[in-house]
>>> print(open('upload10.cif').read())   # mmCIF, C-alpha atoms
data_input
#
loop_
_atom_site.group_PDB
_atom_site.id
_atom_site.type_symbol
_atom_site.label_atom_id
_atom_site.label_comp_id
_atom_site.auth_asym_id
_atom_site.auth_seq_id
_atom_site.Cartn_x
_atom_site.Cartn_y
_atom_site.Cartn_z
ATOM 1 C CA MET A 193 74.529 -87.829 -18.269
ATOM 2 C CA SER A 194 70.968 -88.265 -19.479
ATOM 3 C CA MET A 195 69.085 -85.935 -21.783
ATOM 4 C CA GLU A 196 66.632 -85.138 -18.964
ATOM 5 C CA PHE A 197 69.486 -83.662 -16.877
ATOM 6 C CA TRP A 198 70.544 -81.289 -19.688
ATOM 7 C CA GLU A 199 66.954 -80.303 -20.353
ATOM 8 C CA LEU A 200 66.549 -79.331 -16.698
ATOM 9 C CA ILE A 201 69.801 -77.314 -16.602
ATOM 10 C CA LEU A 202 69.036 -75.453 -19.813
ATOM 11 C CA SER A 203 65.456 -74.700 -18.801
ATOM 12 C CA LYS A 204 66.732 -73.026 -15.631
ATOM 13 C CA GLU A 205 69.408 -71.115 -17.543
ATOM 14 C CA PHE A 206 66.993 -70.001 -20.268
ATOM 15 C CA PRO A 207 63.547 -69.932 -18.632
ATOM 16 C CA SER A 208 61.678 -68.100 -21.422
ATOM 17 C CA ASP A 209 59.869 -70.834 -23.404
ATOM 18 C CA PHE A 210 63.039 -72.749 -24.018
ATOM 19 C CA SER A 211 62.611 -76.287 -25.183
ATOM 20 C CA PHE A 212 65.561 -78.496 -25.736
ATOM 21 C CA ALA A 213 65.377 -81.397 -28.100
ATOM 22 C CA TYR A 214 68.123 -83.508 -29.518
ATOM 23 C CA ASN A 215 67.789 -83.920 -33.242
ATOM 24 C CA GLN A 216 70.369 -85.757 -35.203
ATOM 25 C CA LYS A 217 71.299 -83.650 -38.216
ATOM 26 C CA LYS A 218 71.697 -85.361 -41.500
ATOM 27 C CA TYR A 219 74.425 -83.993 -43.664
ATOM 28 C CA LEU A 220 73.644 -84.723 -47.266
ATOM 29 C CA GLN A 221 76.495 -84.924 -49.701
ATOM 30 C CA SER A 222 75.943 -82.978 -52.891
ATOM 31 C CA SER A 223 75.120 -85.244 -55.849
ATOM 32 C CA PHE A 224 76.122 -82.737 -58.550
ATOM 33 C CA THR A 225 78.469 -84.061 -61.192
ATOM 34 C CA PRO A 226 79.596 -82.346 -64.398
ATOM 35 C CA TYR A 227 79.691 -85.683 -66.233
ATOM 36 C CA GLN A 228 77.064 -87.919 -67.720
ATOM 37 C CA ASP A 229 77.275 -91.087 -69.770
ATOM 38 C CA ASN A 230 75.344 -90.790 -73.020
ATOM 39 C CA GLY A 231 75.633 -94.476 -73.811
ATOM 40 C CA GLY A 232 76.805 -96.026 -77.029
ATOM 41 C CA THR A 233 79.100 -98.913 -77.853
ATOM 42 C CA VAL A 234 82.119 -99.217 -80.142
ATOM 43 C CA VAL A 235 83.703 -102.486 -81.292
ATOM 44 C CA THR A 236 86.917 -102.765 -83.281
ATOM 45 C CA ILE A 237 88.865 -105.666 -84.760
ATOM 46 C CA ASN A 238 92.369 -104.828 -86.011
ATOM 47 C CA LEU A 239 94.285 -107.393 -88.012
ATOM 48 C CA GLU A 240 97.441 -106.971 -90.078
ATOM 49 C CA ASP A 241 95.886 -105.804 -93.352
ATOM 50 C CA PHE A 242 92.458 -104.460 -92.368
ATOM 51 C CA SER A 243 90.546 -102.926 -89.489
ATOM 52 C CA ILE A 244 86.805 -103.043 -88.769
ATOM 53 C CA ILE A 245 85.277 -100.396 -86.506
ATOM 54 C CA ALA A 246 81.576 -100.494 -85.658
ATOM 55 C CA SER A 247 79.331 -98.396 -83.429
ATOM 56 C CA ASP A 248 75.648 -98.051 -82.686
ATOM 57 C CA THR A 249 73.876 -94.753 -83.364
ATOM 58 C CA ARG A 250 71.836 -94.222 -80.181
ATOM 59 C CA ILE A 251 72.391 -91.339 -77.730
ATOM 60 C CA ILE A 252 70.686 -91.534 -74.334
ATOM 61 C CA SER A 253 70.143 -88.979 -71.569
ATOM 62 C CA GLY A 254 68.579 -90.632 -68.555
ATOM 63 C CA PHE A 255 65.483 -92.408 -69.851
ATOM 64 C CA SER A 256 65.192 -90.295 -73.003
ATOM 65 C CA ILE A 257 66.744 -90.761 -76.445
ATOM 66 C CA PRO A 258 67.814 -87.348 -77.816
ATOM 67 C CA SER A 259 69.226 -88.803 -81.027
ATOM 68 C CA ARG A 260 68.997 -92.048 -82.981
ATOM 69 C CA GLU A 261 71.460 -91.078 -85.732
ATOM 70 C CA THR A 262 74.671 -90.286 -83.899
ATOM 71 C CA ILE A 263 78.043 -90.793 -85.579
ATOM 72 C CA ARG A 264 80.704 -92.032 -83.146
ATOM 73 C CA VAL A 265 83.397 -92.955 -85.650
ATOM 74 C CA ILE A 266 84.992 -90.094 -87.578
ATOM 75 C CA LYS A 267 87.805 -89.812 -90.093
ATOM 76 C CA ILE A 268 90.640 -87.703 -88.639
ATOM 77 C CA SER A 269 93.004 -88.043 -91.600
ATOM 78 C CA GLU A 270 93.827 -90.446 -94.416
ATOM 79 C CA ASN A 271 95.461 -92.840 -91.946
ATOM 80 C CA ILE A 272 93.402 -92.402 -88.772
ATOM 81 C CA LEU A 273 89.866 -93.219 -87.618
ATOM 82 C CA LEU A 274 88.733 -92.180 -84.127
ATOM 83 C CA SER A 275 85.852 -93.965 -82.356
ATOM 84 C CA THR A 276 84.567 -92.516 -79.082
ATOM 85 C CA THR A 277 82.015 -93.307 -76.376
ATOM 86 C CA GLY A 278 81.098 -91.469 -73.194
ATOM 87 C CA MET A 279 79.779 -87.953 -72.731
ATOM 88 C CA ARG A 280 78.515 -86.454 -75.987
ATOM 89 C CA VAL A 281 79.758 -82.891 -75.372
ATOM 90 C CA ASP A 282 83.271 -83.997 -74.406
ATOM 91 C CA MET A 283 83.286 -86.334 -77.389
ATOM 92 C CA LEU A 284 82.624 -83.513 -79.858
ATOM 93 C CA ILE A 285 85.239 -81.217 -78.301
ATOM 94 C CA LEU A 286 87.881 -83.964 -78.238
ATOM 95 C CA GLN A 287 87.226 -84.954 -81.851
ATOM 96 C CA GLU A 288 87.669 -81.361 -83.001
ATOM 97 C CA LYS A 289 90.860 -80.819 -80.974
ATOM 98 C CA PHE A 290 92.356 -84.062 -82.253
ATOM 99 C CA ARG A 291 91.473 -83.275 -85.874
ATOM 100 C CA GLN A 292 92.970 -79.790 -85.639
ATOM 101 C CA LEU A 293 96.218 -81.089 -84.132
ATOM 102 C CA VAL A 294 96.666 -83.820 -86.746
ATOM 103 C CA ASN A 295 95.744 -81.562 -89.679
ATOM 104 C CA SER A 296 98.109 -78.843 -88.452
ATOM 105 C CA TRP A 297 101.003 -81.331 -88.229
ATOM 106 C CA GLU A 298 100.287 -82.709 -91.702
ATOM 107 C CA ILE A 299 100.200 -79.220 -93.263
ATOM 108 C CA ASN A 300 103.457 -78.194 -91.588
ATOM 109 C CA ASN A 301 105.273 -81.421 -92.517
ATOM 110 C CA ASN A 302 103.601 -82.120 -95.869
ATOM 111 C CA LYS A 303 102.942 -85.792 -95.119
ATOM 112 C CA ASN A 304 100.322 -87.998 -93.444
ATOM 113 C CA VAL A 305 100.433 -88.843 -89.742
ATOM 114 C CA SER A 306 100.750 -92.559 -88.990
ATOM 115 C CA VAL A 307 98.265 -94.122 -86.600
ATOM 116 C CA SER A 308 100.916 -94.666 -83.881
ATOM 117 C CA SER A 309 101.917 -90.985 -84.028
ATOM 118 C CA GLY A 310 98.242 -90.061 -83.900
ATOM 119 C CA ALA A 311 97.880 -92.200 -80.775
ATOM 120 C CA TYR A 312 100.586 -90.141 -79.041
ATOM 121 C CA PHE A 313 98.883 -86.919 -80.148
ATOM 122 C CA LEU A 314 95.583 -88.067 -78.633
ATOM 123 C CA SER A 315 97.313 -89.227 -75.460
ATOM 124 C CA SER A 316 98.866 -85.768 -74.984
ATOM 125 C CA ILE A 317 95.446 -84.099 -75.381
ATOM 126 C CA LEU A 318 93.816 -86.405 -72.840
ATOM 127 C CA TYR A 319 96.698 -86.182 -70.362
ATOM 128 C CA SER A 320 96.666 -82.373 -70.496
ATOM 129 C CA ARG A 321 93.150 -82.573 -69.029
ATOM 130 C CA ARG A 322 93.964 -85.207 -66.421
ATOM 131 C CA PHE A 323 92.754 -83.071 -63.459
ATOM 132 C CA PHE A 324 89.373 -82.471 -65.114
ATOM 133 C CA PRO A 325 89.407 -85.142 -67.826
ATOM 134 C CA PHE A 326 87.298 -85.560 -70.900
ATOM 135 C CA TYR A 327 84.716 -88.215 -70.014
ATOM 136 C CA THR A 328 85.447 -90.207 -73.147
ATOM 137 C CA PHE A 329 86.817 -93.648 -73.952
ATOM 138 C CA ASN A 330 88.536 -93.837 -77.298
ATOM 139 C CA ILE A 331 89.821 -96.330 -79.835
ATOM 140 C CA VAL A 332 92.111 -95.166 -82.641
ATOM 141 C CA SER A 333 92.477 -97.363 -85.718
ATOM 142 C CA GLY A 334 94.426 -96.790 -88.873
ATOM 143 C CA LYS A 335 97.499 -97.354 -90.980
ATOM 144 C CA GLU A 336 101.190 -97.118 -90.165
ATOM 145 C CA SER A 337 103.810 -95.652 -92.485
ATOM 146 C CA ASP A 338 104.669 -99.140 -93.768
ATOM 147 C CA GLY A 339 101.029 -99.897 -94.602
ATOM 148 C CA GLN A 340 100.303 -102.173 -91.639
ATOM 149 C CA VAL A 341 96.882 -101.623 -90.031
ATOM 150 C CA THR A 342 96.644 -101.459 -86.229
ATOM 151 C CA GLY A 343 94.646 -99.905 -83.400
ATOM 152 C CA PHE A 344 95.045 -98.437 -79.899
ATOM 153 C CA SER A 345 92.572 -98.239 -77.021
ATOM 154 C CA PHE A 346 92.605 -95.353 -74.502
ATOM 155 C CA ASP A 347 91.285 -94.600 -71.053
ATOM 156 C CA ALA A 348 89.985 -91.165 -70.021
ATOM 157 C CA VAL A 349 93.395 -89.745 -68.977
ATOM 158 C CA GLY A 350 95.474 -90.807 -71.976
ATOM 159 C CA SER A 351 96.948 -94.210 -71.146
ATOM 160 C CA PHE A 352 96.816 -96.458 -74.208
ATOM 161 C CA GLU A 353 97.784 -99.870 -75.487
ATOM 162 C CA ILE A 354 97.758 -101.787 -78.753
ATOM 163 C CA CYS A 355 94.307 -103.192 -79.365
ATOM 164 C CA ARG A 356 93.812 -106.294 -81.512
ATOM 165 C CA ALA A 357 90.123 -106.617 -80.683
ATOM 166 C CA GLY A 358 88.452 -104.274 -78.238
ATOM 167 C CA SER A 359 85.276 -102.483 -77.239
ATOM 168 C CA SER A 360 84.175 -99.520 -75.167
ATOM 169 C CA GLY A 361 80.924 -98.059 -73.929
ATOM 170 C CA SER A 362 77.788 -99.476 -72.374
ATOM 171 C CA GLY A 363 78.072 -102.860 -74.110
ATOM 172 C CA HIS A 364 81.707 -103.423 -73.157
ATOM 173 C CA HIS A 365 80.952 -105.969 -70.407
ATOM 174 C CA PHE A 366 78.885 -108.106 -72.792
ATOM 175 C CA ILE A 367 81.163 -107.954 -75.817
ATOM 176 C CA GLN A 368 84.761 -107.844 -74.541
ATOM 177 C CA PRO A 369 84.856 -111.360 -73.013
ATOM 178 C CA ILE A 370 83.824 -112.840 -76.371
ATOM 179 C CA LEU A 371 86.455 -110.826 -78.235
ATOM 180 C CA ASP A 372 89.138 -111.902 -75.758
ATOM 181 C CA THR A 373 88.196 -115.544 -76.232
ATOM 182 C CA LEU A 374 88.267 -115.362 -80.030
ATOM 183 C CA PHE A 375 91.313 -113.172 -80.645
ATOM 184 C CA LYS A 376 93.683 -113.982 -77.811
ATOM 185 C CA CYS A 377 93.652 -117.579 -79.032
ATOM 186 C CA PRO A 378 93.463 -117.188 -82.827
ATOM 187 C CA SER A 379 92.291 -120.078 -84.960
ATOM 188 C CA ILE A 380 94.954 -122.212 -86.585
ATOM 189 C CA THR A 381 92.873 -122.500 -89.759
ATOM 190 C CA SER A 382 93.839 -120.015 -92.454
ATOM 191 C CA GLU A 383 91.259 -117.943 -94.327
ATOM 192 C CA SER A 384 91.483 -115.639 -97.299
ATOM 193 C CA ARG A 385 91.595 -111.899 -96.653
ATOM 194 C CA LYS A 386 88.077 -111.428 -98.041
ATOM 195 C CA GLY A 387 86.798 -114.330 -95.956
ATOM 196 C CA LYS A 388 88.279 -112.826 -92.808
ATOM 197 C CA ILE A 389 86.580 -109.476 -93.412
ATOM 198 C CA LEU A 390 83.160 -111.019 -94.041
ATOM 199 C CA THR A 391 83.493 -113.358 -91.059
ATOM 200 C CA ASN A 392 84.405 -110.538 -88.697
ATOM 201 C CA ILE A 393 81.631 -108.271 -89.983
ATOM 202 C CA MET A 394 79.101 -111.021 -89.280
ATOM 203 C CA LEU A 395 80.643 -111.506 -85.828
ATOM 204 C CA ILE A 396 80.322 -107.795 -85.011
ATOM 205 C CA LYS A 397 76.689 -107.703 -86.157
ATOM 206 C CA HIS A 398 75.914 -110.716 -83.992
ATOM 207 C CA LEU A 399 77.623 -109.133 -80.964
ATOM 208 C CA PHE A 400 75.643 -105.906 -81.327
ATOM 209 C CA LEU A 401 72.359 -107.755 -81.792
ATOM 210 C CA THR A 402 72.984 -109.892 -78.709
ATOM 211 C CA ALA A 403 74.079 -106.943 -76.561
ATOM 212 C CA SER A 404 71.093 -104.814 -77.641
ATOM 213 C CA ARG A 405 68.734 -107.442 -76.224
ATOM 214 C CA ARG A 406 70.336 -107.047 -72.811
ATOM 215 C CA ASN A 407 70.988 -103.301 -72.716
ATOM 216 C CA ILE A 408 68.503 -100.566 -73.660
ATOM 217 C CA GLU A 409 71.375 -98.124 -74.257
ATOM 218 C CA ILE A 410 72.319 -99.969 -77.464
ATOM 219 C CA GLY A 411 70.098 -99.673 -80.491
ATOM 220 C CA ASP A 412 68.709 -97.969 -83.589
ATOM 221 C CA GLY A 413 71.507 -98.651 -86.078
ATOM 222 C CA ILE A 414 75.054 -99.886 -86.659
ATOM 223 C CA GLN A 415 77.726 -98.064 -88.631
ATOM 224 C CA ILE A 416 80.590 -100.275 -89.785
ATOM 225 C CA PHE A 417 83.844 -98.809 -91.116
ATOM 226 C CA ILE A 418 86.173 -101.168 -92.985
ATOM 227 C CA PHE A 419 89.680 -99.701 -93.148
ATOM 228 C CA THR A 420 92.070 -101.318 -95.629
ATOM 229 C CA LYS A 421 95.258 -100.270 -97.374
ATOM 230 C CA LYS A 422 93.184 -99.136 -100.359
ATOM 231 C CA GLY A 423 90.726 -96.955 -98.472
ATOM 232 C CA ILE A 424 87.676 -96.854 -96.199
ATOM 233 C CA LEU A 425 84.316 -98.530 -96.832
ATOM 234 C CA VAL A 426 81.242 -97.579 -94.755
ATOM 235 C CA GLU A 427 78.251 -99.870 -94.210
ATOM 236 C CA ASN A 428 75.016 -98.868 -92.422
ATOM 237 C CA ASN A 429 72.616 -101.369 -90.858
ATOM 238 C CA ILE A 430 69.421 -101.193 -88.819
ATOM 239 C CA LEU A 431 69.712 -102.661 -85.309
ATOM 240 C CA LYS A 432 66.472 -101.935 -83.405
ATOM 241 C CA SER A 433 64.226 -98.934 -82.740
ATOM 242 C CA ASP A 434 62.393 -99.392 -79.449
#
>>> encode(input="upload10.cif", output="structure tokens")
Amino acid sequence: MSMEFWELILSKEFPSDFSFAYNQKKYLQSSFTPYQDNGGTVVTINLEDFSIIASDTRIISGFSIPSRETIRVIKISENILLSTTGMRVDMLILQEKFRQLVNSWEINNNKNVSVSSGAYFLSSILYSRRFFPFYTFNIVSGKESDGQVTGFSFDAVGSFEICRAGSSGSGHHFIQPILDTLFKCPSITSESRKGKILTNIMLIKHLFLTASRRNIEIGDGIQIFIFTKKGILVENNILKSD
């Protein structure tokens, strides 16, 4: 039946200044979300006797830059470095929880946690929050009990895998294909240990510089952590400040 028919029926039923109009109601879905991505990019290269972890220092919130000196890579223990991207608040809480768990285990057992054990600790923390997860994407690098250096990459709910060369954050789509090409098919030419470290540091700097030209969320500075069997060396570089 037409709209005119219903208008006539309703006007007779309700004669006192009743006007009937058909308006399609628009139901708007709420856009509230408790999460936000504060940008940042982490790149790691893990070989048998050393690990290089690098991150930029920019934090974004929408179109603003709250901080240009953010540290995304922290030392959890003598054997473990944690690098994190994602939401800044969740990142700080997760880092503190992970540090407390590792330090508590080391005090109770009077020995250092290996990086593989630390990976399981972090996985348990992330999985315990799987129904309201930490909005973070993590890479753990460090040393095993036998001295071998390795790394593990994580998703937001605790699944992880061994990571030879990986990245996370806003520059992941630019950087990861290059890392896959270079490290899934390693060169047959041998290099000295020192040569490998310098070559990979230059590669990481080039990747960050290239990605920063294509993504405004990457910038300000680069922090590079070189993890070897003898210790940790930190190098700071300027990337861009625009």
>>> resolve_selection(input="upload10.cif", expression="the PyMOL selection byres ((chain A and resi 347-354) around 12)", output="PyMOL selection string")
chain A and resi 236-239+276-279+282-283+286+307-308+310-334+341-346+355-361
>>> atom_distance(input="upload10.cif", atom1="atom CA of A:Lys432", atom2="atom CA of A:Ile418")
21.9 Å
>>> closest_residue(input="upload10.cif", among="A:Ser275, A:Ser362, A:Thr391, A:Gln228", to="A:Gly254", atoms="all atoms listed in the file")
A:Gln228
>>> closest_residue(input="upload10.cif", among="A:Asn302, A:Asn428, A:Ser309, A:Gln415", to="A:Ser337", atoms="all atoms listed in the file")
A:Ser309
>>> atom_distance(input="upload10.cif", atom1="atom CA of A:Ile245", atom2="atom CA of A:Thr262")
14.9 Å
>>> resolve_selection(input="upload10.cif", expression="the PyMOL selection byres ((chain A and resi 231) around 9)", output="VMD selection string")
chain A and resid 229 to 230 232 to 233 250 to 253 277 to 280 361 to 363 409 to 410
>>> resolve_selection(input="upload10.cif", expression="the PyMOL selection byres ((chain A and resi 249) around 7)", output="NGL selection string")
:A and (247-248 or 250-251 or 260-263 or 411-414)
>>> closest_residue(input="upload10.cif", among="A:Ile268, A:Leu390, A:Ser306, A:Ile244", to="A:Lys289", atoms="all atoms listed in the file")
A:Ile268
>>> residues_around(input="upload10.cif", residues="stretch 419-427 of chain A", least_positions_apart="3", cutoff="6 Å", atoms="only C-alpha atoms", output="list in words")
Phe242, Ser243, Gln415 and Ile416 of chain A
>>> write_last_selection(input="upload10.cif", atoms="C-alpha atoms", output="compact mmCIF listing (two decimals), keeping the file's coordinate frame")
# COMPACT_ATOMS: atom_id res chain seq x y z
CA PHE A 242 92.46 -104.46 -92.37
CA SER A 243 90.55 -102.93 -89.49
CA GLN A 415 77.73 -98.06 -88.63
CA ILE A 416 80.59 -100.28 -89.78
>>> closest_residue(input="upload10.cif", among="A:Thr373, A:Asn301, A:Ser433, A:Asn392", to="A:Ser404", atoms="only C-alpha atoms")
A:Ser433
>>> atom_distance(input="upload10.cif", atom1="atom CA of A:Ile272", atom2="atom CA of A:Lys335")
6.8 Å
>>> residues_around(input="upload10.cif", residues="A:Lys397", least_positions_apart="6", cutoff="9 Å", atoms="all atoms listed in the file", output="MDAnalysis selection string")
chainID A and resid 246 414 429 431
>>> closest_residue(input="upload10.cif", among="A:Phe400, A:Leu274, A:Arg264, A:Glu240", to="A:Gln340", atoms="all atoms listed in the file")
A:Glu240
>>> decode(input="upload10.cif", residues="stretch 297-332 of chain A", atoms="N, CA and C atoms", output="CSV table (one decimal), in the first residue's frame")
chain,number,residue,atom,x,y,z
A,297,TRP,N,62.1,-13.8,38.8
A,297,TRP,CA,62.6,-15.2,38.5
A,297,TRP,C,64.1,-15.2,38.8
A,298,GLU,N,64.9,-14.2,38.3
A,298,GLU,CA,66.3,-14.3,38.5
A,298,GLU,C,66.7,-14.2,39.9
A,299,ILE,N,66.0,-13.4,40.7
A,299,ILE,CA,66.3,-13.3,42.2
A,299,ILE,C,66.1,-14.6,42.9
A,300,ASN,N,64.9,-15.2,42.5
A,300,ASN,CA,64.6,-16.5,43.2
A,300,ASN,C,65.5,-17.7,42.8
A,301,ASN,N,66.0,-17.6,41.6
A,301,ASN,CA,66.8,-18.8,41.1
A,301,ASN,C,68.3,-18.5,41.0
A,302,ASN,N,68.6,-17.2,41.3
A,302,ASN,CA,70.1,-16.8,41.3
A,302,ASN,C,70.8,-17.1,40.0
A,303,LYS,N,70.2,-16.9,38.9
A,303,LYS,CA,70.8,-17.0,37.6
A,303,LYS,C,70.0,-16.1,36.6
A,304,ASN,N,70.7,-15.9,35.4
A,304,ASN,CA,70.0,-15.0,34.4
A,304,ASN,C,69.1,-15.9,33.6
A,305,VAL,N,68.0,-15.2,33.2
A,305,VAL,CA,67.0,-15.8,32.3
A,305,VAL,C,67.5,-15.8,30.8
A,306,SER,N,67.4,-16.9,30.1
A,306,SER,CA,67.8,-16.9,28.7
A,306,SER,C,66.8,-16.2,27.9
A,307,VAL,N,67.1,-15.9,26.7
A,307,VAL,CA,66.1,-15.1,25.8
A,307,VAL,C,64.9,-16.0,25.4
A,308,SER,N,65.1,-17.3,25.3
A,308,SER,CA,64.0,-18.2,24.9
A,308,SER,C,63.1,-18.3,26.1
A,309,SER,N,63.6,-18.4,27.3
A,309,SER,CA,62.7,-18.4,28.5
A,309,SER,C,62.0,-17.1,28.7
A,310,GLY,N,62.7,-16.0,28.4
A,310,GLY,CA,62.0,-14.7,28.4
A,310,GLY,C,60.9,-14.6,27.4
A,311,ALA,N,61.1,-15.2,26.3
A,311,ALA,CA,60.0,-15.2,25.3
A,311,ALA,C,58.8,-15.8,25.8
A,312,TYR,N,58.9,-17.0,26.5
A,312,TYR,CA,57.8,-17.6,27.0
A,312,TYR,C,57.1,-16.8,28.2
A,313,PHE,N,57.9,-16.1,28.9
A,313,PHE,CA,57.4,-15.2,30.0
A,313,PHE,C,56.5,-14.1,29.3
A,314,LEU,N,57.0,-13.5,28.3
A,314,LEU,CA,56.3,-12.4,27.6
A,314,LEU,C,55.0,-13.0,27.0
A,315,SER,N,55.1,-14.2,26.4
A,315,SER,CA,54.0,-14.8,25.8
A,315,SER,C,52.8,-15.0,26.8
A,316,SER,N,53.2,-15.4,28.0
A,316,SER,CA,52.2,-15.7,29.0
A,316,SER,C,51.5,-14.4,29.5
A,317,ILE,N,52.3,-13.3,29.5
A,317,ILE,CA,51.7,-12.0,29.9
A,317,ILE,C,50.7,-11.5,28.8
A,318,LEU,N,51.1,-11.6,27.6
A,318,LEU,CA,50.2,-11.2,26.5
A,318,LEU,C,49.0,-12.1,26.4
A,319,TYR,N,49.2,-13.4,26.5
A,319,TYR,CA,48.0,-14.3,26.4
A,319,TYR,C,47.1,-14.1,27.6
A,320,SER,N,47.5,-13.7,28.7
A,320,SER,CA,46.6,-13.5,29.9
A,320,SER,C,45.7,-12.3,29.6
A,321,ARG,N,46.0,-11.5,28.7
A,321,ARG,CA,45.2,-10.3,28.3
A,321,ARG,C,44.6,-10.5,26.9
A,322,ARG,N,44.3,-11.7,26.5
A,322,ARG,CA,43.9,-12.0,25.1
A,322,ARG,C,42.5,-11.4,24.9
A,323,PHE,N,41.6,-11.3,25.9
A,323,PHE,CA,40.3,-10.8,25.7
A,323,PHE,C,40.2,-9.3,25.6
A,324,PHE,N,41.2,-8.6,26.2
A,324,PHE,CA,41.4,-7.2,26.1
A,324,PHE,C,42.9,-6.9,26.0
A,325,PRO,N,43.5,-7.2,24.8
A,325,PRO,CA,44.9,-7.3,24.7
A,325,PRO,C,45.7,-6.0,24.8
A,326,PHE,N,46.9,-6.1,25.2
A,326,PHE,CA,47.8,-4.9,25.0
A,326,PHE,C,48.0,-4.7,23.6
A,327,TYR,N,47.8,-3.4,23.2
A,327,TYR,CA,48.0,-3.0,21.7
A,327,TYR,C,49.4,-2.8,21.5
A,328,THR,N,50.2,-3.8,21.5
A,328,THR,CA,51.7,-3.7,21.3
A,328,THR,C,52.1,-4.8,20.4
A,329,PHE,N,53.2,-4.6,19.7
A,329,PHE,CA,53.8,-5.6,18.9
A,329,PHE,C,55.3,-5.6,19.2
A,330,ASN,N,55.8,-6.8,19.7
A,330,ASN,CA,57.1,-6.8,20.3
A,330,ASN,C,58.1,-7.7,19.6
A,331,ILE,N,59.3,-7.4,19.8
A,331,ILE,CA,60.4,-8.2,19.4
A,331,ILE,C,61.4,-8.3,20.5
A,332,VAL,N,61.7,-9.6,20.9
A,332,VAL,CA,62.7,-9.9,22.0
A,332,VAL,C,64.0,-10.4,21.4
